[in-house]
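**Student:** Sending over coords14.txt (compact mmCIF, C-alpha atoms and all ligand atoms).
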```
# COMPACT_ATOMS: atom_id res chain seq x y z
CA MET A 225 34.83 106.11 -12.43
CA ILE A 226 32.78 106.47 -15.60
CA ASP A 227 30.45 103.93 -17.26
CA SER A 228 33.11 102.59 -19.61
CA ASP A 229 35.40 101.86 -16.62
CA TYR A 230 32.65 99.83 -14.98
CA GLU A 231 31.95 98.00 -18.27
CA ARG A 232 35.61 97.10 -18.64
CA ASP A 233 35.84 95.91 -15.02
CA ARG A 234 32.66 93.88 -15.43
CA ALA A 235 33.91 92.13 -18.59
CA ASP A 236 37.15 91.40 -16.77
CA MET A 237 35.28 90.05 -13.72
CA VAL A 238 33.30 87.62 -15.87
CA ALA A 239 36.35 86.49 -17.84
CA ARG A 240 38.64 85.93 -14.84
CA GLN A 241 36.44 85.18 -11.84
CA ILE A 242 33.47 83.45 -13.42
CA GLU A 243 34.36 81.86 -16.78
CA GLY A 244 38.00 81.48 -15.77
CA ARG A 245 36.95 79.43 -12.74
CA GLY A 246 34.70 77.01 -14.59
CA VAL A 247 31.23 78.54 -15.01
CA ARG A 248 30.33 77.62 -18.60
CA ASP A 249 26.60 78.31 -19.10
CA PRO A 250 26.57 81.03 -21.80
CA ARG A 251 23.26 82.46 -20.57
CA VAL A 252 24.65 82.91 -17.05
CA LEU A 253 27.84 84.51 -18.38
CA ASP A 254 25.81 86.84 -20.60
CA ALA A 255 23.54 87.89 -17.70
CA MET A 256 26.58 88.65 -15.54
CA ARG A 257 28.06 90.74 -18.36
CA ARG A 258 24.84 92.73 -18.64
CA ILE A 259 23.76 93.46 -15.05
CA PRO A 260 25.60 96.51 -13.64
CA ARG A 261 26.74 95.15 -10.25
CA HIS A 262 28.05 98.60 -9.23
CA GLU A 263 24.44 99.84 -9.19
CA PHE A 264 23.64 97.36 -6.40
CA VAL A 265 26.33 98.40 -3.90
CA PRO A 266 26.44 101.51 -1.71
CA GLU A 267 28.08 104.57 -3.33
CA ILE A 268 31.15 104.18 -1.11
CA GLU A 269 31.77 100.60 -2.35
CA ARG A 270 31.27 101.27 -6.06
CA ALA A 271 34.95 101.26 -6.98
CA HIS A 272 35.15 97.71 -5.51
CA ALA A 273 32.01 96.37 -7.18
CA TYR A 274 33.85 94.03 -9.57
CA GLU A 275 36.34 92.64 -7.06
CA ASP A 276 36.39 88.97 -6.12
CA ARG A 277 34.61 89.25 -2.76
CA PRO A 278 31.33 90.00 -1.03
CA LEU A 279 30.75 93.66 -0.11
CA PRO A 280 28.77 95.27 2.73
CA ILE A 281 25.31 96.59 1.81
CA GLY A 282 24.28 97.84 5.28
CA TYR A 283 22.29 96.28 8.15
CA GLY A 284 25.14 93.77 8.69
CA GLN A 285 24.43 92.12 5.31
CA THR A 286 26.42 91.57 2.12
CA ILE A 287 26.10 91.31 -1.64
CA SER A 288 27.54 87.85 -2.41
CA GLN A 289 30.91 87.24 -4.10
CA PRO A 290 30.39 87.33 -7.90
CA TYR A 291 31.83 83.81 -8.30
CA MET A 292 29.26 82.42 -5.84
CA VAL A 293 26.47 84.15 -7.81
CA GLY A 294 27.77 82.53 -11.02
CA VAL A 295 28.16 79.05 -9.52
CA MET A 296 24.74 79.10 -7.83
CA THR A 297 22.93 80.48 -10.86
CA GLU A 298 24.47 77.85 -13.14
CA ALA A 299 23.66 75.04 -10.68
CA LEU A 300 19.94 75.89 -10.86
CA LYS A 301 19.84 74.82 -14.57
CA LEU A 302 17.28 77.50 -15.39
CA THR A 303 15.16 77.63 -18.52
CA PRO A 304 13.37 80.71 -19.89
CA GLY A 305 9.86 79.72 -18.76
CA ASP A 306 10.86 79.02 -15.14
CA ARG A 307 9.33 80.60 -12.04
CA VAL A 308 11.95 81.11 -9.36
CA LEU A 309 11.88 81.96 -5.66
CA GLU A 310 14.88 83.68 -4.08
CA VAL A 311 15.25 83.84 -0.28
CA GLY A 312 17.50 86.74 0.76
CA THR A 313 17.05 89.61 -1.72
CA GLY A 314 19.78 91.72 -0.10
CA SER A 315 20.85 94.25 -2.72
CA GLY A 316 18.69 92.76 -5.49
CA TYR A 317 21.71 91.81 -7.63
CA GLN A 318 21.07 88.05 -7.70
CA ALA A 319 17.41 88.73 -8.47
CA ALA A 320 18.46 90.97 -11.38
CA ILE A 321 20.66 88.19 -12.81
CA LEU A 322 17.77 85.73 -12.48
CA SER A 323 15.39 88.18 -14.17
CA LEU A 324 17.30 87.81 -17.45
CA LEU A 325 17.16 84.00 -17.34
CA VAL A 326 13.59 83.12 -16.35
CA ALA A 327 9.99 84.28 -16.72
CA LYS A 328 9.25 85.32 -13.14
CA VAL A 329 11.20 85.86 -9.90
CA ILE A 330 9.72 86.22 -6.42
CA SER A 331 12.38 87.41 -3.95
CA ILE A 332 11.89 87.60 -0.17
CA GLU A 333 13.98 89.71 2.22
CA ARG A 334 13.50 89.85 6.01
CA ILE A 335 14.98 93.35 6.48
CA SER A 336 12.35 95.81 5.27
CA GLU A 337 14.84 98.59 4.39
CA LEU A 338 16.82 96.21 2.14
CA ALA A 339 13.64 94.90 0.51
CA ALA A 340 12.51 98.47 -0.25
CA GLY A 341 15.95 99.47 -1.56
CA ALA A 342 16.23 96.42 -3.82
CA ASP A 343 12.73 96.93 -5.15
CA ALA A 344 13.47 100.59 -5.99
CA LYS A 345 16.76 99.65 -7.68
CA LEU A 346 15.15 96.94 -9.81
CA ARG A 347 12.39 99.37 -10.90
CA SER A 348 14.96 102.05 -11.76
CA LEU A 349 16.71 99.54 -14.04
CA GLU A 350 13.34 98.67 -15.64
CA ILE A 351 13.48 95.08 -14.41
CA ASN A 352 9.79 94.27 -14.26
CA ASN A 353 9.57 90.48 -13.76
CA VAL A 354 10.81 90.50 -10.14
CA THR A 355 8.47 90.88 -7.16
CA VAL A 356 10.23 91.73 -3.89
CA LEU A 357 8.46 90.77 -0.67
CA ASN A 358 9.37 91.60 2.93
CA GLY A 359 9.14 88.66 5.35
CA ASP A 360 10.58 85.37 6.55
CA GLY A 361 11.68 83.55 3.41
CA THR A 362 12.24 80.24 5.24
CA LEU A 363 8.47 79.85 4.94
CA GLY A 364 8.66 80.45 1.19
CA CYS A 365 5.66 81.87 -0.62
CA PRO A 366 2.96 79.18 -0.58
CA GLU A 367 0.47 81.33 -2.47
CA LYS A 368 2.83 81.56 -5.50
CA ALA A 369 4.13 77.95 -5.29
CA PRO A 370 5.13 75.62 -6.87
CA PHE A 371 8.49 76.89 -8.16
CA ASP A 372 10.83 75.41 -10.77
CA ALA A 373 13.79 76.58 -8.71
CA ILE A 374 14.44 78.07 -5.27
CA ILE A 375 17.72 79.75 -4.34
CA VAL A 376 18.58 80.61 -0.75
CA THR A 377 21.38 83.17 -0.42
CA ALA A 378 21.89 82.94 3.35
CA GLY A 379 23.25 79.99 5.36
CA GLY A 380 20.91 77.86 7.47
CA PRO A 381 21.25 74.81 9.72
CA GLU A 382 19.34 72.74 7.17
CA ALA A 383 17.28 73.11 4.01
CA PRO A 384 13.89 74.50 5.10
CA GLU A 385 11.13 71.90 4.83
CA ALA A 386 8.63 74.53 3.66
CA LEU A 387 10.87 75.33 0.68
CA ARG A 388 11.23 71.66 -0.31
CA ARG A 389 7.46 71.38 -0.35
CA GLN A 390 7.14 74.41 -2.65
CA LEU A 391 9.17 72.79 -5.46
CA CYS A 392 7.40 71.32 -8.46
CA ILE A 393 8.43 67.79 -9.51
CA GLY A 394 11.84 68.23 -11.14
CA GLY A 395 12.30 71.51 -9.26
CA ARG A 396 15.69 72.40 -7.71
CA LEU A 397 16.37 73.94 -4.29
CA LEU A 398 19.86 75.34 -3.76
CA CYS A 399 20.87 76.42 -0.27
CA PRO A 400 23.98 76.84 1.87
CA VAL A 401 23.64 74.38 4.77
CA GLY A 402 25.83 73.98 7.84
CA PRO A 403 27.16 75.81 10.90
CA ARG A 404 27.13 79.60 11.05
CA ASP A 405 30.86 79.86 10.34
CA GLY A 406 30.90 77.76 7.16
CA GLN A 407 28.43 75.87 5.00
CA ARG A 408 28.23 73.63 1.95
CA LEU A 409 25.92 74.33 -0.99
CA SER A 410 23.23 71.69 -1.07
CA LEU A 411 21.30 71.03 -4.29
CA ILE A 412 18.00 69.24 -3.68
CA THR A 413 15.88 68.03 -6.59
CA ARG A 414 12.27 67.02 -6.06
CA THR A 415 11.53 63.69 -7.76
CA PRO A 416 8.23 61.78 -8.07
CA GLU A 417 9.46 59.55 -5.21
CA GLY A 418 10.85 62.26 -2.89
CA TYR A 419 14.03 64.34 -2.91
CA ALA A 420 17.54 63.73 -4.29
CA GLU A 421 20.35 65.66 -2.60
CA GLU A 422 23.84 66.51 -3.90
CA PRO A 423 26.37 68.33 -1.69
CA GLY A 424 28.31 71.05 -3.48
CA VAL A 425 31.18 73.44 -2.80
CA GLY A 426 32.03 74.96 0.57
CA CYS A 427 30.89 78.54 1.20
CA VAL A 428 30.37 81.14 3.93
CA PHE A 429 27.11 83.07 3.94
CA VAL A 430 25.45 85.43 6.41
CA PRO A 431 22.93 83.57 8.58
CA LEU A 432 19.47 82.59 7.40
CA ILE A 433 17.31 83.88 10.25
CA GLY A 434 13.75 82.71 10.63
CA SER A 435 11.38 80.01 11.74
CA GLU A 436 13.19 77.36 9.66
CA GLY A 437 16.60 79.02 10.00
CA TRP A 438 18.68 80.31 12.93
CA PRO A 439 16.97 82.14 15.79
CA ASN A 440 17.28 85.93 15.65
N1 LIG B 501 21.16 87.75 -2.87
C1 LIG B 501 21.67 88.95 -2.27
C2 LIG B 501 22.21 89.91 -3.25
O1 LIG B 501 22.22 89.63 -4.45
O2 LIG B 501 22.62 91.00 -2.81
C3 LIG B 501 22.68 88.67 -1.18
C4 LIG B 501 22.04 88.16 0.02
S1 LIG B 501 22.85 88.36 1.56
C5 LIG B 501 24.25 87.34 1.40
C6 LIG B 501 21.66 87.42 2.49
C7 LIG B 501 20.36 88.13 2.72
O3 LIG B 501 19.44 87.18 3.30
C8 LIG B 501 20.45 89.27 3.70
O4 LIG B 501 19.98 90.44 3.10
C9 LIG B 501 19.56 88.84 4.87
O5 LIG B 501 18.87 89.89 5.48
C10 LIG B 501 18.61 87.90 4.17
N2 LIG B 501 17.92 86.92 5.02
C11 LIG B 501 18.39 86.24 6.09
N3 LIG B 501 17.43 85.44 6.60
C12 LIG B 501 16.32 85.64 5.81
C13 LIG B 501 14.99 85.11 5.82
N4 LIG B 501 14.57 84.21 6.70
N5 LIG B 501 14.13 85.54 4.87
C14 LIG B 501 14.51 86.45 3.95
N6 LIG B 501 15.74 87.00 3.91
C15 LIG B 501 16.64 86.59 4.82
```
Could you render the structure as structure tokens?
Ligand code: SAM

**Tutor:**
Amino acid sequence: MIDSDYERDRADMVARQIEGRGVRDPRVLDAMRRIPRHEFVPEIERAHAYEDRPLPIGYGQTISQPYMVGVMTEALKLTPGDRVLEVGTGSGYQAAILSLLVAKVISIERISELAAGADAKLRSLEINNVTVLNGDGTLGCPEKAPFDAIIVTAGGPEAPEALRRQLCIGGRLLCPVGPRDGQRLSLITRTPEGYAEEPGVGCVFVPLIGSEGWPN
């Protein structure tokens, strides 16, 4: 495939899978039109990069379904000055989408090879407002907190307490919560009095493994 094929497939993906299924935020749609998803999947998966499904990225992990990336990004209600934490860098694709929407992204990945690969990919695309860290993201990044938004892209038994505490007032934490074989997106907003929680759509993510996730 050549670049124009990928561009056509990407435009089609956004029109059918993202906008066509109800994602309306024009900034999210624009970011998904601009970030070359095929660059974030292994060579052997490139021809499938714009299909409506997650794809393997090695180490038993996946790049999330494009629709889920669109829904989650929209739900975070991001504004350009925001500082965002992502837990589960994986390929770096979600971080790249976020990079176009906010001022600064910190992204944590527990598998060092994936963290290094994502970091190299983001640099090669000249995306310079994302910092990729290797470690247990269920603990967040206290030294860079508080965050306006936190997105967890792996499924845990509950929303990590450490992440709730790293939200600023008005900050949003979005995470898939539930059993290993199926979760529900949970959107938690920090208020002056505590936390407000809204359950969202059903989803299936790879496990969130760590001290406030599933055991390894
Ligand atoms: N956001 C990614 C992307 O755009 O490619 C997809 C993420 S993949 C569905 C989930 C990732 O979360 C995996 O790469 C996995 O290794 C990582 N993960 C699981 N538990 C983690 C933890 N405690 N801290 C950081 N990363 C974790």

**Student:** Take CA of Ser323 (chain A) and CA of Thr286 (chain A) and report the distance between them in Å, one decimal.

**Tutor:**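 Value for the CA of Ser323 (chain A)-CA of Thr286 (chain A) distance: 20.0 Å.
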
**Student:** Excluding Leu302 (chain A) and residues on its chain fewer than 5 positions from it, collect all residues at most 9 Å away from it, counting all atoms listed in the file, and give them as a ChimeraX atom specification.

**Tutor:** /A:297,308,322,325-326,372-373

**Student:** Could you name the residues that touch Pro439 (chain A) at 12 Å or less, counting only C-alpha atoms, but leaving out those on the same chain fewer than 6 positions away, as an MDAnalysis selection string?

**Tutor:** chainID A and resid 360 362 380:381 404 431:433

**Student:** Quick one: write out the picked residues with C-alpha atoms as a short mmCIF file (atom, residue, chain, number, x, y, z; two decimals), keeping the file's coordinate frame?

**Tutor:**
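So result25.cif came out as:
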```cif
data_model
loop_
_atom_site.label_atom_id
_atom_site.label_comp_id
_atom_site.auth_asym_id
_atom_site.auth_seq_id
_atom_site.Cartn_x
_atom_site.Cartn_y
_atom_site.Cartn_z
CA ASP A 360 10.58 85.37 6.55
CA THR A 362 12.24 80.24 5.24
CA GLY A 380 20.91 77.86 7.47
CA PRO A 381 21.25 74.81 9.72
CA ARG A 404 27.13 79.60 11.05
CA PRO A 431 22.93 83.57 8.58
CA LEU A 432 19.47 82.59 7.40
CA ILE A 433 17.31 83.88 10.25
#
```

**Student:** Could you list, as a PyMOL selection string, all residues that come within 7 Å of ligand LIG 501 (chain B)? Count all atoms listed in the file.

**Tutor:** chain A and resi 285-288+311-319+332-335+338+359-362+377-378+429-434+437

**Student:** If you measure from CA of Arg234 (chain A) to CA of Pro266 (chain A), what distance in Å do you get, rounded to one decimal?

**Tutor:**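 Going from CA of Arg234 (chain A) over to CA of Pro266 (chain A), I get 16.9 Å.
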
**Student:** For Gln407 (chain A), work out the shell of residues within 6 Å, counting only C-alpha atoms and skipping chain neighbours fewer than 4 positions away, then give it as a ChimeraX atom specification.

**Tutor:** /A:400-402,426-428

**Student:** Which residue is closest to Asp254 (chain A)? Choose from A:Glu269, A:Asp227, A:Glu298, A:Glu367 and count only C-alpha atoms.

**Tutor:**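 Of all the options, A:Glu298 lies closest to Asp254 (chain A).
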
**Student:** Could you check which of A:Gly244, A:Val356, A:Cys392, A:Pro280 is closest to Ala344 (chain A), using all atoms listed in the file?

**Tutor:**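 Result for the nearest residue to Ala344 (chain A): A:Val356.
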
**Student:** Between A:Ala383, A:Val354, A:Ile393, A:Ile330, single out the one closest to Arg408 (chain A), counting only C-alpha atoms.

**Tutor:**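 Selected residue with least distance to Arg408 (chain A): A:Ala383.
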
**Student:** Looking at all atoms listed in the file, which of A:Glu243, A:Asp236, A:Asp249, A:Glu350 is the one that sits closest to Ala299 (chain A)?

**Tutor:**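 That would be A:Asp249, the residue with the smallest distance to Ala299 (chain A).
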
**Student:** Do you have the CA of Ser336 (chain A)-CA of Leu398 (chain A) distance handy?

**Tutor:**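 It comes out at 23.6 Å.
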
**Student:** Write only C-alpha atoms for region 234-373 of chain A from the block just shown, as a PDB file, in the first residue's frame.

**Tutor:**
```pdb
ATOM      1  CA  ARG A 234      -8.083   6.536   7.432  1.00  0.00           C
ATOM      2  CA  ALA A 235     -10.690   9.034   6.183  1.00  0.00           C
ATOM      3  CA  ASP A 236     -13.072   6.130   5.668  1.00  0.00           C
ATOM      4  CA  MET A 237     -12.358   4.774   9.171  1.00  0.00           C
ATOM      5  CA  VAL A 238     -13.200   8.129  10.766  1.00  0.00           C
ATOM      6  CA  ALA A 239     -16.344   8.606   8.674  1.00  0.00           C
ATOM      7  CA  ARG A 240     -17.788   5.120   9.214  1.00  0.00           C
ATOM      8  CA  GLN A 241     -16.427   3.812  12.510  1.00  0.00           C
ATOM      9  CA  ILE A 242     -16.008   6.987  14.534  1.00  0.00           C
ATOM     10  CA  GLU A 243     -18.293   9.791  13.298  1.00  0.00           C
ATOM     11  CA  GLY A 244     -20.800   7.290  11.910  1.00  0.00           C
ATOM     12  CA  ARG A 245     -21.152   5.730  15.368  1.00  0.00           C
ATOM     13  CA  GLY A 246     -21.758   8.947  17.258  1.00  0.00           C
ATOM     14  CA  VAL A 247     -18.421  10.585  18.126  1.00  0.00           C
ATOM     15  CA  ARG A 248     -19.068  14.269  17.393  1.00  0.00           C
ATOM     16  CA  ASP A 249     -16.203  16.306  18.890  1.00  0.00           C
ATOM     17  CA  PRO A 250     -14.592  17.943  15.827  1.00  0.00           C
ATOM     18  CA  ARG A 251     -11.173  18.125  17.492  1.00  0.00           C
ATOM     19  CA  VAL A 252     -11.200  14.385  18.195  1.00  0.00           C
ATOM     20  CA  LEU A 253     -12.314  13.599  14.633  1.00  0.00           C
ATOM     21  CA  ASP A 254      -9.610  15.880  13.233  1.00  0.00           C
ATOM     22  CA  ALA A 255      -6.898  14.256  15.381  1.00  0.00           C
ATOM     23  CA  MET A 256      -7.983  10.801  14.228  1.00  0.00           C
ATOM     24  CA  ARG A 257      -7.854  11.966  10.599  1.00  0.00           C
ATOM     25  CA  ARG A 258      -4.317  13.257  11.098  1.00  0.00           C
ATOM     26  CA  ILE A 259      -2.502  10.561  13.107  1.00  0.00           C
ATOM     27  CA  PRO A 260      -1.237   7.744  10.836  1.00  0.00           C
ATOM     28  CA  ARG A 261      -2.458   4.666  12.750  1.00  0.00           C
ATOM     29  CA  HIS A 262      -0.608   2.346  10.336  1.00  0.00           C
ATOM     30  CA  GLU A 263       2.679   3.733  11.693  1.00  0.00           C
ATOM     31  CA  PHE A 264       1.815   2.359  15.152  1.00  0.00           C
ATOM     32  CA  VAL A 265       1.212  -1.288  14.197  1.00  0.00           C
ATOM     33  CA  PRO A 266       3.785  -3.949  13.293  1.00  0.00           C
ATOM     34  CA  GLU A 267       4.713  -4.106   9.584  1.00  0.00           C
ATOM     35  CA  ILE A 268       2.760  -7.345   9.160  1.00  0.00           C
ATOM     36  CA  GLU A 269      -0.482  -5.725  10.417  1.00  0.00           C
ATOM     37  CA  ARG A 270      -0.246  -2.512   8.385  1.00  0.00           C
ATOM     38  CA  ALA A 271      -2.805  -3.489   5.771  1.00  0.00           C
ATOM     39  CA  HIS A 272      -5.327  -3.958   8.629  1.00  0.00           C
ATOM     40  CA  ALA A 273      -4.521  -0.725  10.463  1.00  0.00           C
ATOM     41  CA  TYR A 274      -7.831   0.980   9.638  1.00  0.00           C
ATOM     42  CA  GLU A 275     -10.097  -1.990  10.322  1.00  0.00           C
ATOM     43  CA  ASP A 276     -12.698  -1.920  13.084  1.00  0.00           C
ATOM     44  CA  ARG A 277     -10.795  -3.971  15.671  1.00  0.00           C
ATOM     45  CA  PRO A 278      -7.819  -4.059  18.008  1.00  0.00           C
ATOM     46  CA  LEU A 279      -4.588  -5.443  16.516  1.00  0.00           C
ATOM     47  CA  PRO A 280      -1.658  -7.289  18.118  1.00  0.00           C
ATOM     48  CA  ILE A 281       1.437  -5.191  18.847  1.00  0.00           C
ATOM     49  CA  GLY A 282       3.585  -7.932  20.435  1.00  0.00           C
ATOM     50  CA  TYR A 283       4.184  -9.030  24.057  1.00  0.00           C
ATOM     51  CA  GLY A 284       0.553 -10.242  24.236  1.00  0.00           C
ATOM     52  CA  GLN A 285      -0.742  -6.640  23.961  1.00  0.00           C
ATOM     53  CA  THR A 286      -2.947  -4.761  21.508  1.00  0.00           C
ATOM     54  CA  ILE A 287      -3.522  -1.366  19.940  1.00  0.00           C
ATOM     55  CA  SER A 288      -7.146  -0.566  20.872  1.00  0.00           C
ATOM     56  CA  GLN A 289     -10.064  -0.594  18.420  1.00  0.00           C
ATOM     57  CA  PRO A 290     -10.255   2.846  16.724  1.00  0.00           C
ATOM     58  CA  TYR A 291     -13.868   3.345  17.890  1.00  0.00           C
ATOM     59  CA  MET A 292     -12.825   2.835  21.523  1.00  0.00           C
ATOM     60  CA  VAL A 293     -10.027   5.403  21.072  1.00  0.00           C
ATOM     61  CA  GLY A 294     -12.576   7.889  19.681  1.00  0.00           C
ATOM     62  CA  VAL A 295     -15.167   7.283  22.412  1.00  0.00           C
ATOM     63  CA  MET A 296     -12.628   7.474  25.242  1.00  0.00           C
ATOM     64  CA  THR A 297     -10.895  10.561  23.892  1.00  0.00           C
ATOM     65  CA  GLU A 298     -14.208  12.391  23.477  1.00  0.00           C
ATOM     66  CA  ALA A 299     -15.370  11.382  26.974  1.00  0.00           C
ATOM     67  CA  LEU A 300     -12.332  13.097  28.529  1.00  0.00           C
ATOM     68  CA  LYS A 301     -13.636  16.544  27.360  1.00  0.00           C
ATOM     69  CA  LEU A 302     -10.113  17.802  26.763  1.00  0.00           C
ATOM     70  CA  THR A 303      -9.119  21.432  26.327  1.00  0.00           C
ATOM     71  CA  PRO A 304      -5.881  22.688  24.744  1.00  0.00           C
ATOM     72  CA  GLY A 305      -4.139  23.645  27.997  1.00  0.00           C
ATOM     73  CA  ASP A 306      -4.743  20.283  29.700  1.00  0.00           C
ATOM     74  CA  ARG A 307      -2.084  18.003  31.194  1.00  0.00           C
ATOM     75  CA  VAL A 308      -3.003  14.372  30.701  1.00  0.00           C
ATOM     76  CA  LEU A 309      -1.751  11.073  32.099  1.00  0.00           C
ATOM     77  CA  GLU A 310      -2.193   7.889  30.069  1.00  0.00           C
ATOM     78  CA  VAL A 311      -1.724   4.466  31.690  1.00  0.00           C
ATOM     79  CA  GLY A 312      -0.891   1.811  29.081  1.00  0.00           C
ATOM     80  CA  THR A 313       1.140   3.422  26.279  1.00  0.00           C
ATOM     81  CA  GLY A 314       1.161   0.237  24.179  1.00  0.00           C
ATOM     82  CA  SER A 315       1.918   1.325  20.618  1.00  0.00           C
ATOM     83  CA  GLY A 316       1.805   5.066  21.405  1.00  0.00           C
ATOM     84  CA  TYR A 317      -1.218   5.669  19.141  1.00  0.00           C
ATOM     85  CA  GLN A 318      -3.589   6.942  21.841  1.00  0.00           C
ATOM     86  CA  ALA A 319      -0.809   9.170  23.169  1.00  0.00           C
ATOM     87  CA  ALA A 320      -0.297  10.581  19.661  1.00  0.00           C
ATOM     88  CA  ILE A 321      -4.016  11.420  19.386  1.00  0.00           C
ATOM     89  CA  LEU A 322      -3.894  13.113  22.796  1.00  0.00           C
ATOM     90  CA  SER A 323      -0.783  15.077  21.784  1.00  0.00           C
ATOM     91  CA  LEU A 324      -2.827  17.034  19.222  1.00  0.00           C
ATOM     92  CA  LEU A 325      -5.531  17.935  21.752  1.00  0.00           C
ATOM     93  CA  VAL A 326      -3.685  19.004  24.906  1.00  0.00           C
ATOM     94  CA  ALA A 327      -0.534  20.758  26.098  1.00  0.00           C
ATOM     95  CA  LYS A 328       1.286  17.827  27.706  1.00  0.00           C
ATOM     96  CA  VAL A 329       0.914  14.029  27.877  1.00  0.00           C
ATOM     97  CA  ILE A 330       2.698  11.703  30.301  1.00  0.00           C
ATOM     98  CA  SER A 331       2.226   8.067  29.255  1.00  0.00           C
ATOM     99  CA  ILE A 332       3.276   5.060  31.361  1.00  0.00           C
ATOM    100  CA  GLU A 333       3.834   1.531  30.024  1.00  0.00           C
ATOM    101  CA  ARG A 334       4.856  -1.483  32.152  1.00  0.00           C
ATOM    102  CA  ILE A 335       6.548  -3.434  29.325  1.00  0.00           C
ATOM    103  CA  SER A 336       9.895  -1.754  28.706  1.00  0.00           C
ATOM    104  CA  GLU A 337      10.179  -2.865  25.049  1.00  0.00           C
ATOM    105  CA  LEU A 338       6.772  -1.330  24.228  1.00  0.00           C
ATOM    106  CA  ALA A 339       7.632   1.876  26.096  1.00  0.00           C
ATOM    107  CA  ALA A 340      10.892   2.196  24.119  1.00  0.00           C
ATOM    108  CA  GLY A 341       9.172   1.411  20.802  1.00  0.00           C
ATOM    109  CA  ALA A 342       6.380   3.927  21.399  1.00  0.00           C
ATOM    110  CA  ASP A 343       8.839   6.603  22.457  1.00  0.00           C
ATOM    111  CA  ALA A 344      10.932   6.068  19.291  1.00  0.00           C
ATOM    112  CA  LYS A 345       7.814   6.156  17.085  1.00  0.00           C
ATOM    113  CA  LEU A 346       6.530   9.389  18.647  1.00  0.00           C
ATOM    114  CA  ARG A 347       9.960  11.030  18.178  1.00  0.00           C
ATOM    115  CA  SER A 348      10.127   9.880  14.553  1.00  0.00           C
ATOM    116  CA  LEU A 349       6.765  11.583  13.933  1.00  0.00           C
ATOM    117  CA  GLU A 350       8.077  14.749  15.646  1.00  0.00           C
ATOM    118  CA  ILE A 351       5.524  14.521  18.446  1.00  0.00           C
ATOM    119  CA  ASN A 352       7.365  16.346  21.198  1.00  0.00           C
ATOM    120  CA  ASN A 353       4.794  16.947  23.960  1.00  0.00           C
ATOM    121  CA  VAL A 354       4.563  13.299  25.075  1.00  0.00           C
ATOM    122  CA  THR A 355       6.846  11.794  27.730  1.00  0.00           C
ATOM    123  CA  VAL A 356       6.828   7.984  27.832  1.00  0.00           C
ATOM    124  CA  LEU A 357       7.790   6.344  31.122  1.00  0.00           C
ATOM    125  CA  ASN A 358       8.369   2.665  31.906  1.00  0.00           C
ATOM    126  CA  GLY A 359       6.731   1.442  35.122  1.00  0.00           C
ATOM    127  CA  ASP A 360       3.542   0.545  36.964  1.00  0.00           C
ATOM    128  CA  GLY A 361       0.981   3.115  35.849  1.00  0.00           C
ATOM    129  CA  THR A 362      -1.541   2.100  38.538  1.00  0.00           C
ATOM    130  CA  LEU A 363       0.590   4.245  40.842  1.00  0.00           C
ATOM    131  CA  GLY A 364       0.323   7.186  38.439  1.00  0.00           C
ATOM    132  CA  CYS A 365       3.046   9.796  38.379  1.00  0.00           C
ATOM    133  CA  PRO A 366       2.839  11.699  41.673  1.00  0.00           C
ATOM    134  CA  GLU A 367       5.763  13.961  40.819  1.00  0.00           C
ATOM    135  CA  LYS A 368       3.913  15.342  37.745  1.00  0.00           C
ATOM    136  CA  ALA A 369       0.421  15.424  39.351  1.00  0.00           C
ATOM    137  CA  PRO A 370      -2.205  16.846  39.421  1.00  0.00           C
ATOM    138  CA  PHE A 371      -3.662  16.027  35.998  1.00  0.00           C
ATOM    139  CA  ASP A 372      -6.698  17.475  34.220  1.00  0.00           C
ATOM    140  CA  ALA A 373      -7.454  14.045  32.794  1.00  0.00           C
TER     141      ALA A 373
END
```
